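Read through the structure below, which is laid out as structure tokens, and then see the notes.
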Amino acid sequence: MSSATFSSTKPTGKPKVLIVGAGLAGLTLAILLDKANVPYDVYERASEVKTLGAAIYLGPNVAATLMQIGVYDEFVSKSRPCNSIDVFDENRQPSFVMDFSEFGTLGGFDGHILPRSALYDILLNQVPAECIHRGKTVRSMSQDENGVKIRFSDDSTAEGDLLVGSDGAYSAVRQSLYDQLASEGKLPKSDAEGLPFSCACLVGQTTPLDPEKFTELKDTACHFNNILALDRPYSWMTLTVKDNIICWQINQYLDEASSKASGSFRTSEWGTEAVESMCNDVRGFPIVGGDSTLTLGDLIDNTPKERISKVMLEEKVFDTWYHDRTILIGDACHKVHPASGLGGVSAIHDAIALANWINVLPSASAQDIDIIFKEYKSERLEPVKAAYNHGKSMSELSARTLIAKVFRFMAKYMPYWLWRMVLVKNASVRPQVSFLPPIEDKGTVKAQYQPSYHKTLDIIRAREAESSVAVV
């Protein structure tokens with residue numbers, strides 16, 4: 001496939017990148033830009049680190065990149081290997097197992113689970129403290145042929161050549177960008193609509209527990225248990241992680257009326273009263289392990305209040321990802337159901353693709369920026385749509401609809417050859433960064449073609465060849 005044709009034939013300097021949002025996507029992009037010697041700054045709304053969420057699974061899809069940036073060993077040391085999801089009924093009886101133990105062999109790296117907060121800390125430690133500015137809430141942004149400017153709620157401003165919105169599902173950058181496009185009559189109708197959801201989620205992370213009481217903690221591998229209720233609109237999961245900690249998540253499936261009522265908050269997170277109310281509603285739900293009398297209440301009582309949050313599980317892939325000098329990544333442009341297990345992976349893949357292209361950007365002209373933005377979206381759109389559809393399918397595993405019953409039957413009795421096809425397809429997605437030393441590919445399945453890697457590597461090599469000729 002041909003490489004991008006830039007308006008500038010020779011690089012005139014690195015662009016200044018403004019990143020709004022210090023989540024997984026924003027931090028990963030910051031790390032990669034730092035290693036590419038691209039100037040950047042990260043602006044985060046929260047005044048202090050507050051990492052919510054349960055656990056996150058990462059495997060061969062991101063392992064090579066974690067090795068390239070030098071954090072893979074730390075990631076493994078803070079995680080537990082995970083090779084299956086065990087599904088139970090409310091009586092704690094096994095229903096079926098989703099075994100993905102072959103995933104590591106197919107992709108060349110084993111899968112691991114760790115608390116989302118642990119992954120966040122690993123990435124945060126790679127970004128120089130002086131490059132992250134906290135307590136910065138975006139109030140507005142403007143862009144023209146000369147650059148982009150952000151104004152924050154404290155009346156401070158920041159200017160650069162590119163603006164990256166990685167500030168989550170309720171992105172202020174996206175809202176500002178869409179307001180501009182709407183005023184110009186350029187915003188698609190679908191992008192003007194709200195974020196749909198049909199599920200509320202309560203997540204938490206315990207303090208270290210007693211392995212004698214919570215016996216699954218004695219195993220070195222992660223126990224990923226998913227319990228499905230038949231007579232109430234809930235499913236819940238527990239995941240054992242390092243340091244005798246259990247991460248937990250409860251999904252409440254909403255009907256149309258309750259979805260609208262919950263939507264009146266118009267935010268992705270509720271306050272203390274809503275959290276306590278849902279905790280009280282679910283504390284009697286049974287969990288697997290110990291003496292078979294454990295309940296979610298045993299986990300809730302061992303979880304600090306600041307580590308519990310209630311959020312919406314929004315699902316949407318936006319049509320507009322960029323305009324002029326502004327680009328969206330991660331949840332800011334695509335929010336997939338966490339049942340897909342691909343939300344964090346998709347965010348990291350976005351950062352990889354965009355960083356590959358920013359690194360070879362020859363100038364800060366609007367024309368060249370538009371070229372790399374088009375390349376980025378072209379590469380990422382179809383995988384994101386696939387992740388979105390996968391999330392909707394996997395969420396049916398726990399729902400109460402007739403379709404959900406059919407899906408559970410299929411998952412339970414799926415022939416191995418068909419399940420292996422799913423694993424092979426997922427294991428083939430193993431992107432790398434083109435401007436860092438490549439990692440040896442040990443997967444038994446050939447890695448999928450990665451446009452941003454191969455195209456930008458061609459550009460890097462061509463420029464190196466030109467430099468060599470010039471020196472001679």
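Letters A, B, ... mark the chains of the structure tokens in the order given; residue numbers begin at 1 per chain; ligand numbers begin at 1, in order shown.
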
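If you count only C-alpha atoms and ignore residues fewer than 4 places along the chain from Leu239 (chain A), what sits within 7 Å of it is Cys222, His223, Phe224, Asn225, Ile246, Cys247 and Trp248 of chain A.
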
Exercise. Near Ser101 (chain A), counting only C-alpha atoms, which residues have an atom at most 12 Å away, once you skip same-chain residues fewer than 2 positions from it, shown as a ChimeraX atom specification?
Worked result: /A:59,81-85,97-99,103-112,221,419-420,423-424,427

Which residues of region 233-337 of chain A sit at most 7 Å from region 362-378 of chain A, using only C-alpha atoms? Give each one's shortest atom pair and distance in Å (one decimal place), in chain and ascending residue order, as JSON lines.
{"residue": "A:Tyr322", "atom": "CA", "partner": "A:Phe373", "partner_atom": "CA", "distance": 6.9}
{"residue": "A:Asp324", "atom": "CA", "partner": "A:Ala366", "partner_atom": "CA", "distance": 6.5}
{"residue": "A:Arg325", "atom": "CA", "partner": "A:Ala366", "partner_atom": "CA", "distance": 6.7}

Write the residues of the preceding selection, restricted to C-alpha atoms, as a CSV table (one decimal), in the first residue's frame.
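Result file is result32.csv:
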chain,number,residue,atom,x,y,z
A,322,TYR,CA,-11.3,15.1,13.6
A,324,ASP,CA,-8.9,21.0,11.2
A,325,ARG,CA,-6.2,20.6,13.9

Exercise. Between A:Leu254, A:Val42, A:Ala63, A:Leu228, which is the closest to Arg408 (chain A) once you count only C-alpha atoms?
Worked result: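 So, comparing all the options, the nearest one is A:Leu228.
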
Mind running region 102-139 of chain A against region 28-41 of chain A at 7 Å and telling me each contacting residue's nearest atom pair with the distance in Å (one decimal), counting only C-alpha atoms, chain and number ascending, as CSV?
residue,atom,partner,partner_atom,distance
A:Leu123,CA,A:Thr28,CA,6.9
A:Gln126,CA,A:Ile31,CA,6.3
A:Val127,CA,A:Ile31,CA,5.9
A:Cys131,CA,A:Asp41,CA,4.9
A:Ile132,CA,A:Asp41,CA,6.2

Problem set entry | Contacts of region 431-446 of chain A within 9 Å, only C-alpha atoms, excl. fewer than 2 positions in-chain, as a PyMOL selection string | chain A and resi 32+35-36+60-62+64-65+67-69+104-109+349+352-353+355-356+359+424-425+427-429+448-450+452-457+460

Requested write-out: N, CA and C atoms of the selected residues, as a compact mmCIF listing (two decimals), in the first residue's frame:
# COMPACT_ATOMS: atom_id res chain seq x y z
N LEU A 32 4.63 7.88 24.11
CA LEU A 32 5.17 7.66 22.77
C LEU A 32 5.72 8.95 22.16
N LYS A 35 9.08 9.68 23.63
CA LYS A 35 10.16 8.87 23.05
C LYS A 35 10.47 9.28 21.62
N ALA A 36 9.53 9.93 20.96
CA ALA A 36 9.77 10.42 19.60
C ALA A 36 10.32 11.84 19.59
N PRO A 60 -1.56 -10.28 24.17
CA PRO A 60 -0.66 -10.09 23.02
C PRO A 60 -1.01 -8.88 22.16
N ASN A 61 -2.23 -8.34 22.30
CA ASN A 61 -2.62 -7.18 21.49
C ASN A 61 -1.81 -5.93 21.83
N VAL A 62 -1.27 -5.86 23.04
CA VAL A 62 -0.51 -4.66 23.44
C VAL A 62 0.85 -4.99 24.02
N ALA A 64 3.71 -6.15 22.86
CA ALA A 64 4.89 -5.67 22.15
C ALA A 64 5.13 -4.19 22.41
N THR A 65 4.06 -3.41 22.41
CA THR A 65 4.20 -1.98 22.66
C THR A 65 4.64 -1.72 24.10
N MET A 67 6.52 -3.61 25.77
CA MET A 67 7.95 -3.90 25.76
C MET A 67 8.73 -2.77 25.11
N GLN A 68 8.20 -2.21 24.04
CA GLN A 68 8.90 -1.12 23.35
C GLN A 68 9.10 0.10 24.25
N ILE A 69 8.12 0.37 25.11
CA ILE A 69 8.25 1.55 25.98
C ILE A 69 8.88 1.20 27.33
N GLY A 104 -2.34 -16.92 24.30
CA GLY A 104 -0.95 -16.53 24.47
C GLY A 104 -0.03 -17.16 23.44
N THR A 105 -0.25 -18.42 23.13
CA THR A 105 0.56 -19.10 22.13
C THR A 105 0.31 -18.51 20.74
N LEU A 106 -0.95 -18.26 20.44
CA LEU A 106 -1.29 -17.70 19.13
C LEU A 106 -0.68 -16.31 18.94
N GLY A 107 -0.71 -15.50 20.00
CA GLY A 107 -0.25 -14.13 19.88
C GLY A 107 1.17 -13.89 20.37
N GLY A 108 1.79 -14.89 20.99
CA GLY A 108 3.18 -14.76 21.41
C GLY A 108 3.39 -14.25 22.82
N PHE A 109 2.33 -13.79 23.49
CA PHE A 109 2.43 -13.30 24.86
C PHE A 109 1.18 -13.74 25.63
N HIS A 349 -4.36 1.23 21.22
CA HIS A 349 -4.15 1.10 19.78
C HIS A 349 -4.34 2.44 19.07
N ILE A 352 -1.14 4.37 19.56
CA ILE A 352 -0.05 3.84 18.75
C ILE A 352 -0.14 4.36 17.32
N ALA A 353 -1.34 4.21 16.73
CA ALA A 353 -1.53 4.64 15.34
C ALA A 353 -1.29 6.13 15.18
N ALA A 355 0.44 8.19 17.17
CA ALA A 355 1.85 8.53 17.43
C ALA A 355 2.73 8.19 16.24
N ASN A 356 2.48 7.05 15.59
CA ASN A 356 3.25 6.68 14.40
C ASN A 356 3.19 7.77 13.35
N ASN A 359 4.81 11.30 14.42
CA ASN A 359 6.27 11.25 14.37
C ASN A 359 6.83 11.61 12.99
N VAL A 424 -7.96 -16.77 17.07
CA VAL A 424 -6.97 -16.51 16.03
C VAL A 424 -7.13 -15.10 15.48
N LYS A 425 -8.37 -14.70 15.21
CA LYS A 425 -8.62 -13.36 14.68
C LYS A 425 -8.17 -12.29 15.66
N ALA A 427 -5.98 -12.62 18.14
CA ALA A 427 -4.54 -12.70 18.41
C ALA A 427 -3.71 -12.11 17.28
N SER A 428 -4.29 -11.95 16.11
CA SER A 428 -3.53 -11.44 14.97
C SER A 428 -3.33 -9.93 15.04
N VAL A 429 -4.06 -9.27 15.92
CA VAL A 429 -3.95 -7.80 16.05
C VAL A 429 -2.86 -7.49 17.07
N GLN A 448 -1.52 -9.20 11.91
CA GLN A 448 -2.31 -8.47 10.91
C GLN A 448 -1.52 -7.27 10.40
N TYR A 449 -1.73 -6.94 9.13
CA TYR A 449 -1.07 -5.77 8.54
C TYR A 449 -1.47 -4.51 9.30
N GLN A 450 -0.48 -3.71 9.67
CA GLN A 450 -0.70 -2.48 10.43
C GLN A 450 -0.29 -1.29 9.57
N SER A 452 -0.29 2.03 9.81
CA SER A 452 0.51 3.12 10.36
C SER A 452 1.95 2.70 10.62
N TYR A 453 2.16 1.43 10.93
CA TYR A 453 3.53 0.94 11.16
C TYR A 453 4.31 0.87 9.85
N HIS A 454 3.76 0.18 8.88
CA HIS A 454 4.49 -0.05 7.63
C HIS A 454 4.64 1.23 6.80
N LYS A 455 3.60 2.04 6.72
CA LYS A 455 3.68 3.27 5.94
C LYS A 455 4.67 4.26 6.54
N THR A 456 4.61 4.44 7.85
CA THR A 456 5.51 5.41 8.47
C THR A 456 6.94 4.88 8.54
N LEU A 457 7.09 3.57 8.64
CA LEU A 457 8.45 3.00 8.62
C LEU A 457 9.10 3.24 7.26
N ILE A 460 10.25 6.83 7.31
CA ILE A 460 11.45 6.97 8.15
C ILE A 460 12.68 6.49 7.40

Problem set entry | In region 156-246 of chain A, DSSP helix (DSSP H, G or I) residues written as a list in words |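 The helix (DSSP H, G or I) subset of region 156-246 of chain A is Ala172, Val173, Arg174, Gln175, Ser176, Leu177, Tyr178, Asp179, Gln180, Leu181, Ala182, Ser183, Lys189, Ser190, Asp191, Ala192, Thr215, Glu216, Leu217 and Lys218 of chain A.
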
For this session: For each of A:Gly391, A:Gly330, A:Gly289, A:Gly160, take the minimum atom-to-atom distance to Gly26 (chain A), counting only C-alpha atoms, then give the residue where this is smallest.
Result: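 Closest residue, counting only C-alpha atoms: A:Gly330.
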
For this session: Would you return as a count of residues only the members of region 34-258 of chain A that DSSP assigns to strand (DSSP E) on this structure's backbone?
Result: 81

Exercise. Quick one: residues within 7 Å of Gly204 (chain A), only C-alpha atoms counted, chain neighbours fewer than 4 positions away excluded, as a PyMOL selection string?
Worked result: chain A and resi 53-54+247-249+303+307-309

Exercise. Quick one, how far is CA of Lys412 (chain A) from CA of Ser95 (chain A)?
Worked result: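 That distance, rounded to one decimal, is 7.9 Å.
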
Problem set entry | Using only C-alpha atoms: which of A:Cys333, A:Val49, A:Leu294, A:Val241 has the shortest distance to Val164 (chain A) |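 Among the listed residues, the smallest separation from Val164 (chain A) belongs to A:Cys333.
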
Problem set entry | Surrounding residues of His334 (chain A) excluding itself and chain neighbours under 2 positions, 7 Å, only C-alpha atoms, as a PyMOL selection string | chain A and resi 316-318+330-332+336

Exercise. Near Gln93 (chain A), within 10 Å and counting only C-alpha atoms, which residues show up once chain neighbours fewer than 5 positions away are dropped, as number ranges by chain?
Worked result: A: 87-88, 227, 288

Residues from last step as file, N, CA and C atoms, as a compact mmCIF listing (two decimals), in the first residue's frame:
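Output saved as out_37.txt:
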# COMPACT_ATOMS: atom_id res chain seq x y z
N VAL A 87 -18.11 -19.07 34.32
CA VAL A 87 -19.47 -18.55 34.46
C VAL A 87 -20.26 -19.46 35.41
N PHE A 88 -20.94 -18.81 36.39
CA PHE A 88 -21.70 -19.54 37.41
C PHE A 88 -23.14 -19.04 37.45
N ILE A 227 -21.06 -14.24 37.46
CA ILE A 227 -22.29 -14.86 37.95
C ILE A 227 -23.49 -14.22 37.27
N VAL A 288 -18.46 -16.60 44.44
CA VAL A 288 -17.82 -17.91 44.48
C VAL A 288 -16.56 -17.86 45.36

For this session: Point out the residue among A:Asn302, A:Thr326, A:Thr295, A:Ser235 with the least atom-to-atom distance to Asp210 (chain A), counting only C-alpha atoms.
Result: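 Among the listed residues, A:Asn302 lies closest to Asp210 (chain A).
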
For this session: Give me the residues within 12 Å of Pro188 (chain A) as a list in words, counting only C-alpha atoms and dropping any in the same chain fewer than 3 places off.
Result: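 My reading of the contact set: Tyr178, Asp179, Leu181, Ala182, Ser183, Glu184, Gly185, Asp191, Ala192, Glu193, Phe318, Asp319, Thr320 and Trp321 of chain A.
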